Amino acid sequence: MNITEIIANPRKYSMNALSLGRANIDSPIKGQSFVDENIRISLATELAQIESLKTEVIPSLEKAGPRRKIFFDPAQTRVAIVTCGGLCPGLNNVIKGLVEVLTYDYGVRMIFGIRYGYRGLNPRYGLTAMRLTPDSVDDIHEYGGTMLGSSRGEQDTKVMVDTLSMQLNVNILFCIGGDGTLRGAQDIVKEISKRNCHISVICIPKTIDNDLNLIDRTFGFETCVQSAAEIIKSAHIEANGISNGLGLVKVMGRDSGFIAAHASLASSVTNFCIIPEIPLALEGPNGLFKALERRYRKKNHAVMVVAEGAGQDLFNTEAAKDASGNVLKHDIGTLLFDKIDEYFRKDGKEINIKYIDPSYIIRSIPANSSDAIFCFQLAENAVHAAMAGKTEIVIGSFKGVFALVPLDYVVSERKKIDISSALWHAVKGSTRQNDYFSSTSFETELPNRYAAEDWG
């Protein structure tokens with residue numbers, strides 16, 4: 001259910017945020033303007049592109065922000081916060097933001113942190129919920145990771161809802177995570193609905209890959225790009241410091257190459273950006289091996305950035321899955337290292353590869369200033385939505401505006417790089433990689449650094 005499909009079938013898809021009931025309690029928030037429930041954010045970028053549709057039927061999202069009337073009585077409200085999946089810069093910032101907005105803006109005092117992801121909602125693991133206060137989260141933003149811990153994998157939904165409704169007696173659950181976490185939240189919502197419980201489930205999107213549908217940006221992505229760009233620059237120095245050096249950097253990106261693309265642009269030293277959206281061929285006149293040869297005929301070094309999910313069709317075995325059901329990608333970084341080294345050495349040509357995989361370093365660092373601001377804004381809008389009785393939604397940035405995005409749409413498919421987009425055009429322009437991959441136009445542009453017969 002991508003934007004194009006939704007816009008083309010406006011009456012088929014409802015973009016309204018679900019509510020638990022009528023909000024009739026005056027909001028305690030002071031000194032801030034309230035958001036009108038009727039304000040919407042259109043999914044159509046340019047209405048002129050959809051001439052067959054009337055403006056009033058174009059799908060739109062509800063704008064996030066504080067409501068004049070709220071559903072939950074703050075004095076009686078009990079909240080749980082859970083972080084799931086892999087680590088990501090900004091997790092602690094979101095936790096701190098949720099606790100502070102709940103406490104200072106709404107006067108909610110009973111806030112619980114669920115330990116180690118959805119496991120913490122299953123009594124079999126013996127994980128007691130943590131009481132969270134502004135004092136207990138005061139400095140957590142200075143550290144990477146999550147103070148609550150995290151985990152992957154499914155848990156019994158009925159057991160989790162038992163814990164929420166009977167043991168913790170919570171009214172609001174904040175789920176912070178990526179696609180696996182959001183699918184888990186979907187299951188929780190379904191079980192809550194069966195029981196007719198008044199529990200609001202609000203999701204805050206966390207995935208370093210920045211690949212969630214209808215979400216412009218997920219927190220931690222900018223920090224990741226900044227860190228990856230610095231590592232790519234280091235790979236460039238390594239490659240340039242030795243004859244025919246190759247700085248090979250593998251970054252995260254299971255199905256989407258946003259980190260590789262943005263970090264390549266940010267570093268401005270990348271010569272090859274390899275992403276999952278484009279099939280990778282090693283052999284042949286337009287394959288990677290020949291592209292590298294063409295690069296070395298002009299320069300004495302090269303820098304290659306590859307997303308972890310690229311080139312998976314080069315492997316002969318089926319990939320396994322992790323506890324959350326995510327496909328564990330084969331290691332494209334080591335495969336490229338081995339295959340490139342083998343290809344050049346077989347022909348007696350020198351190549352010196354410096355391979356760097358910084359994935360676990362990048363995802364465990366604290367958020368930078370831009371992400372820190374973004375994390376608090378996400379947390380703030382998540383609390384506003386929850387207190388107003390909204391449920392089964394993701395707080396997301398859409399067209400630069402915070403919106404309430406129905407959960408179904410976010411998990412329906414992954415966002416990928418459009419290879420005809422301005423982003424990918426910029427990457428190609430910065431790297432000039434299309435010149436290296438071309439077997440027809442490159443050879444006559446500049447004199448060879450080495451003649452083809454004695455290269456190396």
# chains A, B, ... in the order shown; residues from 1 in each chain; ligands from 1

call {"tool": "residues_around", "arguments": {"residues": "A:Val405", "least_positions_apart": "4", "cutoff": "9 Å", "atoms": "only C-alpha atoms", "output": "ChimeraX atom specification"}}
result
/A:15-17,61-62,214-215,392-396,398,409-410

call {"tool": "residues_around", "arguments": {"residues": "stretch 234-248 of chain A", "least_positions_apart": "5", "cutoff": "6 Å", "atoms": "only C-alpha atoms", "output": "PyMOL selection string"}}
result
chain A and resi 300-304+351-355

call {"tool": "closest_residue", "arguments": {"among": "A:Asn171, A:Arg295, A:Asn381, A:Thr223", "to": "A:Cys197", "atoms": "only C-alpha atoms"}}
result
A:Asn171

call {"tool": "select_by_dssp", "arguments": {"residues": "stretch 93-285 of chain A", "states": "strand (DSSP E)", "output": "list in words"}}
result
Met110, Ile111, Phe112, Gly113, Ile114, Met130, Arg131, Ile172, Leu173, Phe174, Cys175, Ile176, Gly177, Ser200, Val201, Ile202, Cys203, Ile204, Pro205, Gly245, Leu246, Gly247, Leu248, Val249, Lys250, Val251, Phe272, Cys273 and Ile274 of chain A

call {"tool": "write_last_selection", "arguments": {"atoms": "N, CA and C atoms", "output": "short mmCIF file (atom, residue, chain, number, x, y, z; two decimals), in the first residue's frame"}}
result
data_model
loop_
_atom_site.label_atom_id
_atom_site.label_comp_id
_atom_site.auth_asym_id
_atom_site.auth_seq_id
_atom_site.Cartn_x
_atom_site.Cartn_y
_atom_site.Cartn_z
N MET A 110 2.37 7.46 36.99
CA MET A 110 2.63 6.02 36.97
C MET A 110 3.12 5.62 35.58
N ILE A 111 4.45 5.59 35.42
CA ILE A 111 5.08 5.27 34.15
C ILE A 111 6.04 4.10 34.36
N PHE A 112 5.89 3.07 33.55
CA PHE A 112 6.68 1.85 33.71
C PHE A 112 7.50 1.57 32.46
N GLY A 113 8.75 1.17 32.66
CA GLY A 113 9.60 0.74 31.56
C GLY A 113 9.61 -0.77 31.49
N ILE A 114 9.26 -1.31 30.34
CA ILE A 114 9.26 -2.76 30.14
C ILE A 114 10.67 -3.19 29.75
N MET A 130 10.23 -1.50 35.29
CA MET A 130 10.92 -0.44 36.02
C MET A 130 10.01 0.78 36.16
N ARG A 131 9.99 1.39 37.32
CA ARG A 131 9.28 2.64 37.49
C ARG A 131 10.15 3.77 36.94
N ILE A 172 -2.00 3.05 28.51
CA ILE A 172 -1.25 3.46 27.31
C ILE A 172 0.01 2.62 27.20
N LEU A 173 0.28 2.13 25.98
CA LEU A 173 1.52 1.42 25.69
C LEU A 173 2.23 2.12 24.55
N PHE A 174 3.48 2.54 24.79
CA PHE A 174 4.31 3.12 23.75
C PHE A 174 5.29 2.05 23.27
N CYS A 175 5.25 1.73 21.98
CA CYS A 175 6.14 0.73 21.39
C CYS A 175 7.15 1.45 20.50
N ILE A 176 8.43 1.34 20.83
CA ILE A 176 9.49 2.01 20.09
C ILE A 176 10.28 0.94 19.34
N GLY A 177 10.20 0.97 18.01
CA GLY A 177 10.90 -0.06 17.25
C GLY A 177 10.65 0.04 15.76
N SER A 200 -4.56 2.36 24.80
CA SER A 200 -4.04 3.02 23.60
C SER A 200 -2.65 2.47 23.28
N VAL A 201 -2.43 2.10 22.02
CA VAL A 201 -1.13 1.60 21.56
C VAL A 201 -0.58 2.59 20.54
N ILE A 202 0.51 3.25 20.91
CA ILE A 202 1.13 4.27 20.05
C ILE A 202 2.55 3.82 19.72
N CYS A 203 2.91 3.85 18.45
CA CYS A 203 4.25 3.42 18.02
C CYS A 203 5.11 4.60 17.60
N ILE A 204 6.38 4.51 17.93
CA ILE A 204 7.36 5.51 17.52
C ILE A 204 8.39 4.79 16.64
N PRO A 205 8.51 5.20 15.38
CA PRO A 205 9.30 4.42 14.41
C PRO A 205 10.80 4.53 14.62
N GLY A 245 44.80 0.81 -3.87
CA GLY A 245 44.03 0.51 -2.66
C GLY A 245 42.54 0.58 -2.92
N LEU A 246 41.80 -0.26 -2.19
CA LEU A 246 40.34 -0.25 -2.24
C LEU A 246 39.81 -0.16 -0.82
N GLY A 247 39.12 0.95 -0.51
CA GLY A 247 38.45 1.06 0.78
C GLY A 247 37.03 0.54 0.62
N LEU A 248 36.75 -0.59 1.23
CA LEU A 248 35.44 -1.26 1.11
C LEU A 248 34.71 -1.14 2.44
N VAL A 249 33.57 -0.43 2.44
CA VAL A 249 32.81 -0.19 3.67
C VAL A 249 31.41 -0.78 3.52
N LYS A 250 31.04 -1.65 4.44
CA LYS A 250 29.68 -2.21 4.45
C LYS A 250 28.86 -1.48 5.52
N VAL A 251 27.69 -0.98 5.12
CA VAL A 251 26.81 -0.30 6.06
C VAL A 251 25.48 -1.03 6.13
N PHE A 272 31.93 4.00 -5.69
CA PHE A 272 30.93 2.98 -5.99
C PHE A 272 29.97 2.86 -4.81
N CYS A 273 28.70 3.08 -5.05
CA CYS A 273 27.67 2.91 -4.02
C CYS A 273 26.76 1.77 -4.48
N ILE A 274 26.80 0.67 -3.75
CA ILE A 274 26.08 -0.55 -4.14
C ILE A 274 24.88 -0.73 -3.21
#

call {"tool": "select_by_dssp", "arguments": {"residues": "stretch 131-235 of chain A", "states": "helix (DSSP H, G or I)", "output": "short mmCIF file (atom, residue, chain, number, x, y, z; two decimals) with all heavy atoms, in the first residue's frame"}}
result
data_model
loop_
_atom_site.label_atom_id
_atom_site.label_comp_id
_atom_site.auth_asym_id
_atom_site.auth_seq_id
_atom_site.Cartn_x
_atom_site.Cartn_y
_atom_site.Cartn_z
N ILE A 140 20.10 9.88 30.66
CA ILE A 140 20.21 8.71 29.78
C ILE A 140 20.47 9.10 28.32
O ILE A 140 21.00 8.30 27.54
CB ILE A 140 18.97 7.80 29.86
CG1 ILE A 140 17.71 8.54 29.39
CG2 ILE A 140 18.79 7.25 31.26
CD1 ILE A 140 16.49 7.63 29.28
N HIS A 141 20.12 10.34 27.94
CA HIS A 141 20.32 10.77 26.57
C HIS A 141 21.80 10.88 26.20
O HIS A 141 22.15 10.94 25.01
CB HIS A 141 19.65 12.13 26.34
CG HIS A 141 20.22 13.22 27.19
ND1 HIS A 141 19.97 13.30 28.56
CD2 HIS A 141 21.04 14.26 26.89
CE1 HIS A 141 20.61 14.35 29.04
NE2 HIS A 141 21.26 14.95 28.05
N GLU A 142 22.67 10.87 27.19
CA GLU A 142 24.09 10.98 26.94
C GLU A 142 24.71 9.66 26.51
O GLU A 142 25.87 9.61 26.11
CB GLU A 142 24.81 11.49 28.20
CG GLU A 142 24.37 12.90 28.63
CD GLU A 142 25.02 13.34 29.91
OE1 GLU A 142 25.93 12.61 30.40
OE2 GLU A 142 24.67 14.40 30.44
N THR A 157 0.87 -13.25 22.40
CA THR A 157 0.13 -11.98 22.47
C THR A 157 -0.85 -11.97 23.63
O THR A 157 -1.00 -10.95 24.32
CB THR A 157 -0.62 -11.74 21.15
OG1 THR A 157 0.30 -11.81 20.07
CG2 THR A 157 -1.27 -10.37 21.15
N LYS A 158 -1.53 -13.07 23.87
CA LYS A 158 -2.51 -13.13 24.96
C LYS A 158 -1.82 -12.91 26.31
O LYS A 158 -2.35 -12.21 27.18
CB LYS A 158 -3.24 -14.46 24.95
CG LYS A 158 -4.15 -14.65 23.74
CD LYS A 158 -4.88 -15.99 23.80
CE LYS A 158 -5.80 -16.15 22.60
NZ LYS A 158 -6.50 -17.45 22.61
N VAL A 159 -0.65 -13.50 26.46
CA VAL A 159 0.11 -13.33 27.70
C VAL A 159 0.53 -11.87 27.88
O VAL A 159 0.44 -11.31 28.98
CB VAL A 159 1.34 -14.26 27.72
CG1 VAL A 159 2.24 -13.94 28.92
CG2 VAL A 159 0.91 -15.71 27.76
N MET A 160 0.98 -11.25 26.79
CA MET A 160 1.41 -9.85 26.87
C MET A 160 0.25 -8.93 27.26
O MET A 160 0.41 -8.03 28.09
CB MET A 160 2.02 -9.40 25.54
CG MET A 160 3.36 -10.04 25.23
SD MET A 160 4.25 -9.19 23.89
CE MET A 160 3.23 -9.63 22.48
N VAL A 161 -0.92 -9.17 26.68
CA VAL A 161 -2.08 -8.33 27.01
C VAL A 161 -2.55 -8.61 28.43
O VAL A 161 -3.01 -7.69 29.13
CB VAL A 161 -3.21 -8.54 25.98
CG1 VAL A 161 -4.46 -7.75 26.39
CG2 VAL A 161 -2.75 -8.10 24.59
N ASP A 162 -2.41 -9.85 28.89
CA ASP A 162 -2.71 -10.16 30.30
C ASP A 162 -1.85 -9.30 31.21
O ASP A 162 -2.33 -8.73 32.21
CB ASP A 162 -2.45 -11.64 30.60
CG ASP A 162 -3.54 -12.56 30.06
OD1 ASP A 162 -4.63 -12.06 29.73
OD2 ASP A 162 -3.27 -13.77 29.96
N THR A 163 -0.56 -9.22 30.88
CA THR A 163 0.37 -8.44 31.70
C THR A 163 0.00 -6.97 31.68
O THR A 163 -0.01 -6.30 32.73
CB THR A 163 1.81 -8.62 31.19
OG1 THR A 163 2.16 -10.00 31.22
CG2 THR A 163 2.79 -7.82 32.03
N LEU A 164 -0.33 -6.46 30.51
CA LEU A 164 -0.69 -5.04 30.39
C LEU A 164 -1.97 -4.70 31.14
O LEU A 164 -2.04 -3.70 31.87
CB LEU A 164 -0.86 -4.67 28.91
CG LEU A 164 0.41 -4.64 28.06
CD1 LEU A 164 0.05 -4.54 26.57
CD2 LEU A 164 1.31 -3.49 28.46
N SER A 165 -2.99 -5.54 30.97
CA SER A 165 -4.31 -5.20 31.49
C SER A 165 -4.53 -5.64 32.93
O SER A 165 -5.23 -4.96 33.69
CB SER A 165 -5.40 -5.83 30.60
OG SER A 165 -5.29 -7.25 30.59
N MET A 166 -3.93 -6.75 33.33
CA MET A 166 -4.22 -7.28 34.67
C MET A 166 -3.10 -7.07 35.68
O MET A 166 -3.36 -6.81 36.86
CB MET A 166 -4.55 -8.77 34.56
CG MET A 166 -5.88 -9.03 33.81
SD MET A 166 -6.41 -10.76 33.85
CE MET A 166 -5.31 -11.48 32.65
N GLN A 167 -1.86 -7.18 35.23
CA GLN A 167 -0.76 -7.00 36.17
C GLN A 167 -0.35 -5.53 36.31
O GLN A 167 -0.23 -5.02 37.42
CB GLN A 167 0.45 -7.84 35.74
CG GLN A 167 0.20 -9.35 35.83
CD GLN A 167 1.47 -10.13 35.56
OE1 GLN A 167 2.58 -9.64 35.70
NE2 GLN A 167 1.30 -11.37 35.13
N ASP A 179 10.00 -2.43 11.94
CA ASP A 179 8.86 -3.14 11.37
C ASP A 179 8.43 -4.35 12.19
O ASP A 179 7.24 -4.62 12.33
CB ASP A 179 9.16 -3.55 9.92
CG ASP A 179 10.45 -4.35 9.80
OD1 ASP A 179 11.35 -4.15 10.61
OD2 ASP A 179 10.55 -5.17 8.87
N GLY A 180 9.39 -5.09 12.76
CA GLY A 180 9.04 -6.24 13.60
C GLY A 180 8.28 -5.81 14.85
O GLY A 180 7.29 -6.44 15.24
N THR A 181 8.73 -4.74 15.46
CA THR A 181 8.07 -4.19 16.64
C THR A 181 6.65 -3.73 16.31
O THR A 181 5.71 -3.96 17.07
CB THR A 181 8.87 -3.00 17.20
OG1 THR A 181 10.21 -3.42 17.44
CG2 THR A 181 8.26 -2.47 18.48
N LEU A 182 6.51 -3.09 15.16
CA LEU A 182 5.20 -2.58 14.76
C LEU A 182 4.23 -3.72 14.45
O LEU A 182 3.04 -3.63 14.76
CB LEU A 182 5.34 -1.65 13.55
CG LEU A 182 6.29 -0.45 13.71
CD1 LEU A 182 6.14 0.51 12.54
CD2 LEU A 182 6.06 0.28 15.02
N ARG A 183 4.73 -4.79 13.86
CA ARG A 183 3.87 -5.96 13.63
C ARG A 183 3.42 -6.57 14.96
O ARG A 183 2.28 -7.01 15.10
CB ARG A 183 4.59 -6.99 12.77
CG ARG A 183 4.77 -6.58 11.32
CD ARG A 183 5.16 -7.77 10.45
NE ARG A 183 6.46 -8.30 10.84
CZ ARG A 183 7.61 -7.92 10.32
NH1 ARG A 183 7.63 -6.97 9.37
NH2 ARG A 183 8.74 -8.46 10.71
N GLY A 184 4.34 -6.58 15.93
CA GLY A 184 3.97 -7.05 17.26
C GLY A 184 2.91 -6.17 17.90
O GLY A 184 1.97 -6.66 18.54
N ALA A 185 3.05 -4.86 17.69
CA ALA A 185 2.05 -3.92 18.21
C ALA A 185 0.70 -4.15 17.57
O ALA A 185 -0.35 -4.04 18.22
CB ALA A 185 2.52 -2.48 17.98
N GLN A 186 0.69 -4.48 16.28
CA GLN A 186 -0.55 -4.80 15.59
C GLN A 186 -1.28 -5.97 16.26
O GLN A 186 -2.49 -5.93 16.47
CB GLN A 186 -0.27 -5.18 14.13
CG GLN A 186 -0.40 -4.06 13.14
CD GLN A 186 -0.31 -4.57 11.72
OE1 GLN A 186 0.55 -5.40 11.39
NE2 GLN A 186 -1.17 -4.08 10.86
N ASP A 187 -0.52 -7.00 16.57
CA ASP A 187 -1.11 -8.18 17.23
C ASP A 187 -1.67 -7.82 18.60
O ASP A 187 -2.73 -8.31 19.00
CB ASP A 187 -0.06 -9.29 17.36
CG ASP A 187 0.35 -9.87 16.01
OD1 ASP A 187 -0.42 -9.71 15.04
OD2 ASP A 187 1.45 -10.45 15.93
N ILE A 188 -0.94 -6.97 19.32
CA ILE A 188 -1.42 -6.54 20.64
C ILE A 188 -2.73 -5.78 20.51
O ILE A 188 -3.67 -5.98 21.29
CB ILE A 188 -0.33 -5.68 21.34
CG1 ILE A 188 0.87 -6.56 21.72
CG2 ILE A 188 -0.90 -4.98 22.57
CD1 ILE A 188 2.05 -5.79 22.27
N VAL A 189 -2.81 -4.90 19.52
CA VAL A 189 -4.04 -4.12 19.30
C VAL A 189 -5.22 -5.05 19.02
O VAL A 189 -6.32 -4.85 19.53
CB VAL A 189 -3.85 -3.12 18.14
CG1 VAL A 189 -5.19 -2.54 17.71
CG2 VAL A 189 -2.90 -2.00 18.54
N LYS A 190 -5.00 -6.05 18.19
CA LYS A 190 -6.08 -6.99 17.86
C LYS A 190 -6.58 -7.72 19.10
O LYS A 190 -7.79 -7.91 19.28
CB LYS A 190 -5.58 -8.00 16.81
CG LYS A 190 -5.36 -7.39 15.44
CD LYS A 190 -4.75 -8.42 14.49
CE LYS A 190 -4.45 -7.77 13.13
NZ LYS A 190 -3.77 -8.73 12.21
N GLU A 191 -5.66 -8.13 19.96
CA GLU A 191 -6.07 -8.84 21.19
C GLU A 191 -6.78 -7.89 22.15
O GLU A 191 -7.75 -8.27 22.80
CB GLU A 191 -4.84 -9.46 21.85
CG GLU A 191 -5.12 -10.27 23.10
CD GLU A 191 -6.00 -11.48 22.84
OE1 GLU A 191 -6.01 -12.00 21.70
OE2 GLU A 191 -6.68 -11.94 23.79
N ILE A 192 -6.30 -6.66 22.23
CA ILE A 192 -6.96 -5.65 23.07
C ILE A 192 -8.38 -5.42 22.59
O ILE A 192 -9.33 -5.33 23.38
CB ILE A 192 -6.15 -4.33 23.05
CG1 ILE A 192 -4.86 -4.48 23.86
CG2 ILE A 192 -6.99 -3.18 23.61
CD1 ILE A 192 -3.92 -3.30 23.72
N SER A 193 -8.57 -5.34 21.27
CA SER A 193 -9.90 -5.11 20.69
C SER A 193 -10.84 -6.26 21.00
O SER A 193 -12.02 -6.04 21.28
CB SER A 193 -9.78 -4.90 19.17
OG SER A 193 -8.99 -3.78 18.87
N LYS A 194 -10.32 -7.48 20.94
CA LYS A 194 -11.15 -8.65 21.26
C LYS A 194 -11.69 -8.56 22.68
O LYS A 194 -12.82 -8.98 22.97
CB LYS A 194 -10.35 -9.94 21.10
CG LYS A 194 -10.05 -10.33 19.67
CD LYS A 194 -9.24 -11.61 19.66
CE LYS A 194 -8.83 -12.00 18.24
NZ LYS A 194 -7.97 -13.22 18.25
N ARG A 195 -10.88 -8.04 23.58
CA ARG A 195 -11.26 -7.96 24.99
C ARG A 195 -12.00 -6.67 25.34
O ARG A 195 -12.40 -6.47 26.49
CB ARG A 195 -10.01 -8.07 25.87
CG ARG A 195 -9.19 -9.33 25.63
CD ARG A 195 -8.06 -9.45 26.63
NE ARG A 195 -7.16 -10.53 26.29
CZ ARG A 195 -6.22 -11.01 27.11
NH1 ARG A 195 -6.08 -10.47 28.32
NH2 ARG A 195 -5.44 -12.01 26.73
N PHE A 221 18.62 7.86 12.06
CA PHE A 221 19.14 7.78 10.70
C PHE A 221 20.21 8.84 10.44
O PHE A 221 21.28 8.53 9.89
CB PHE A 221 17.99 7.92 9.70
CG PHE A 221 18.42 7.93 8.26
CD1 PHE A 221 18.93 6.80 7.66
CD2 PHE A 221 18.34 9.11 7.51
CE1 PHE A 221 19.34 6.81 6.33
CE2 PHE A 221 18.74 9.13 6.18
CZ PHE A 221 19.24 7.98 5.58
N GLU A 222 19.95 10.07 10.84
CA GLU A 222 20.92 11.14 10.58
C GLU A 222 22.22 10.91 11.35
O GLU A 222 23.31 11.18 10.84
CB GLU A 222 20.32 12.50 10.92
CG GLU A 222 19.27 12.96 9.92
CD GLU A 222 19.00 14.45 9.99
OE1 GLU A 222 19.70 15.15 10.75
OE2 GLU A 222 18.09 14.91 9.29
N THR A 223 22.12 10.43 12.58
CA THR A 223 23.32 10.12 13.36
C THR A 223 24.12 9.02 12.67
O THR A 223 25.35 9.08 12.57
CB THR A 223 22.94 9.67 14.78
OG1 THR A 223 22.16 10.68 15.40
CG2 THR A 223 24.18 9.39 15.61
N CYS A 224 23.41 8.02 12.18
CA CYS A 224 24.05 6.91 11.48
C CYS A 224 24.77 7.39 10.23
O CYS A 224 25.91 7.01 9.97
CB CYS A 224 22.99 5.87 11.11
SG CYS A 224 23.62 4.53 10.10
N VAL A 225 24.12 8.23 9.45
CA VAL A 225 24.72 8.75 8.22
C VAL A 225 25.97 9.57 8.54
O VAL A 225 27.01 9.45 7.89
CB VAL A 225 23.71 9.59 7.43
CG1 VAL A 225 24.39 10.36 6.31
CG2 VAL A 225 22.61 8.70 6.85
N GLN A 226 25.87 10.40 9.57
CA GLN A 226 27.02 11.23 9.96
C GLN A 226 28.21 10.36 10.36
O GLN A 226 29.35 10.60 9.93
CB GLN A 226 26.63 12.12 11.13
CG GLN A 226 27.76 12.99 11.66
CD GLN A 226 27.31 13.86 12.84
OE1 GLN A 226 26.23 14.41 12.84
NE2 GLN A 226 28.17 13.96 13.84
N SER A 227 27.94 9.33 11.16
CA SER A 227 29.02 8.45 11.60
C SER A 227 29.59 7.64 10.44
O SER A 227 30.81 7.49 10.31
CB SER A 227 28.49 7.51 12.69
OG SER A 227 29.49 6.63 13.14
N ALA A 228 28.70 7.12 9.59
CA ALA A 228 29.15 6.33 8.44
C ALA A 228 29.99 7.16 7.49
O ALA A 228 30.98 6.68 6.92
CB ALA A 228 27.94 5.73 7.71
N ALA A 229 29.61 8.42 7.30
CA ALA A 229 30.36 9.29 6.39
C ALA A 229 31.80 9.48 6.87
O ALA A 229 32.74 9.50 6.06
CB ALA A 229 29.66 10.64 6.25
N GLU A 230 31.98 9.62 8.18
CA GLU A 230 33.33 9.78 8.72
C GLU A 230 34.15 8.51 8.52
O GLU A 230 35.35 8.57 8.23
CB GLU A 230 33.26 10.13 10.22
CG GLU A 230 32.67 11.51 10.51
CD GLU A 230 33.43 12.62 9.80
OE1 GLU A 230 34.69 12.61 9.86
OE2 GLU A 230 32.79 13.48 9.18
N ILE A 231 33.50 7.36 8.66
CA ILE A 231 34.20 6.09 8.45
C ILE A 231 34.59 5.91 6.99
O ILE A 231 35.67 5.40 6.67
CB ILE A 231 33.32 4.93 8.96
CG1 ILE A 231 33.22 5.00 10.49
CG2 ILE A 231 33.87 3.57 8.51
CD1 ILE A 231 32.14 4.14 11.08
N ILE A 232 33.70 6.33 6.09
CA ILE A 232 34.01 6.26 4.65
C ILE A 232 35.21 7.15 4.33
O ILE A 232 36.09 6.78 3.52
CB ILE A 232 32.78 6.67 3.83
CG1 ILE A 232 31.66 5.63 4.00
CG2 ILE A 232 33.14 6.80 2.35
CD1 ILE A 232 30.32 6.08 3.46
N LYS A 233 35.28 8.31 4.95
CA LYS A 233 36.44 9.18 4.75
C LYS A 233 37.73 8.50 5.22
O LYS A 233 38.79 8.63 4.60
CB LYS A 233 36.24 10.51 5.48
CG LYS A 233 35.14 11.38 4.89
CD LYS A 233 34.93 12.63 5.73
CE LYS A 233 33.75 13.46 5.22
NZ LYS A 233 33.51 14.65 6.09
N SER A 234 37.64 7.77 6.33
CA SER A 234 38.81 7.02 6.82
C SER A 234 39.21 5.93 5.83
O SER A 234 40.40 5.69 5.58
CB SER A 234 38.50 6.39 8.18
OG SER A 234 38.25 7.38 9.16
N ALA A 235 38.19 5.27 5.24
CA ALA A 235 38.46 4.24 4.23
C ALA A 235 39.15 4.86 3.02
O ALA A 235 40.02 4.24 2.39
CB ALA A 235 37.15 3.56 3.81
#

call {"tool": "residues_around", "arguments": {"residues": "A:Lys30", "least_positions_apart": "4", "cutoff": "12 Å", "atoms": "only C-alpha atoms", "output": "PyMOL selection string"}}
result
chain A and resi 26+34+66-68+104-106

call {"tool": "write_last_selection", "arguments": {"atoms": "N, CA, C and O atoms", "output": "tab-separated table (two decimals), in the first residue's frame"}}
result
chain	number	residue	atom	x	y	z
A	26	ASP	N	-10.83	18.28	29.70
A	26	ASP	CA	-10.03	19.45	29.32
A	26	ASP	C	-8.54	19.13	29.45
A	26	ASP	O	-8.10	18.59	30.47
A	34	PHE	N	-3.59	24.45	20.38
A	34	PHE	CA	-4.06	23.09	20.14
A	34	PHE	C	-4.27	22.86	18.65
A	34	PHE	O	-4.49	23.79	17.87
A	66	PRO	N	-1.09	18.54	20.27
A	66	PRO	CA	-1.96	18.52	21.45
A	66	PRO	C	-3.42	18.82	21.09
A	66	PRO	O	-3.69	19.68	20.24
A	67	ARG	N	-4.34	18.09	21.72
A	67	ARG	CA	-5.77	18.32	21.52
A	67	ARG	C	-6.35	19.08	22.70
A	67	ARG	O	-5.90	18.94	23.84
A	68	ARG	N	-7.39	19.86	22.40
A	68	ARG	CA	-8.04	20.64	23.45
A	68	ARG	C	-8.73	19.74	24.47
A	68	ARG	O	-8.76	20.03	25.66
A	104	TYR	N	5.49	16.32	33.12
A	104	TYR	CA	5.43	17.77	33.28
A	104	TYR	C	4.24	18.40	32.55
A	104	TYR	O	3.66	19.37	33.04
A	105	ASP	N	3.86	17.87	31.40
A	105	ASP	CA	2.76	18.48	30.65
A	105	ASP	C	1.40	17.96	31.09
A	105	ASP	O	0.41	18.70	31.09
A	106	TYR	N	1.35	16.67	31.44
A	106	TYR	CA	0.04	16.07	31.73
A	106	TYR	C	-0.14	15.65	33.19
A	106	TYR	O	-1.26	15.36	33.61

call {"tool": "closest_residue", "arguments": {"among": "A:Phe344, A:Ile41, A:Ser14, A:Arg22", "to": "A:Gly400", "atoms": "only C-alpha atoms"}}
result
A:Ile41
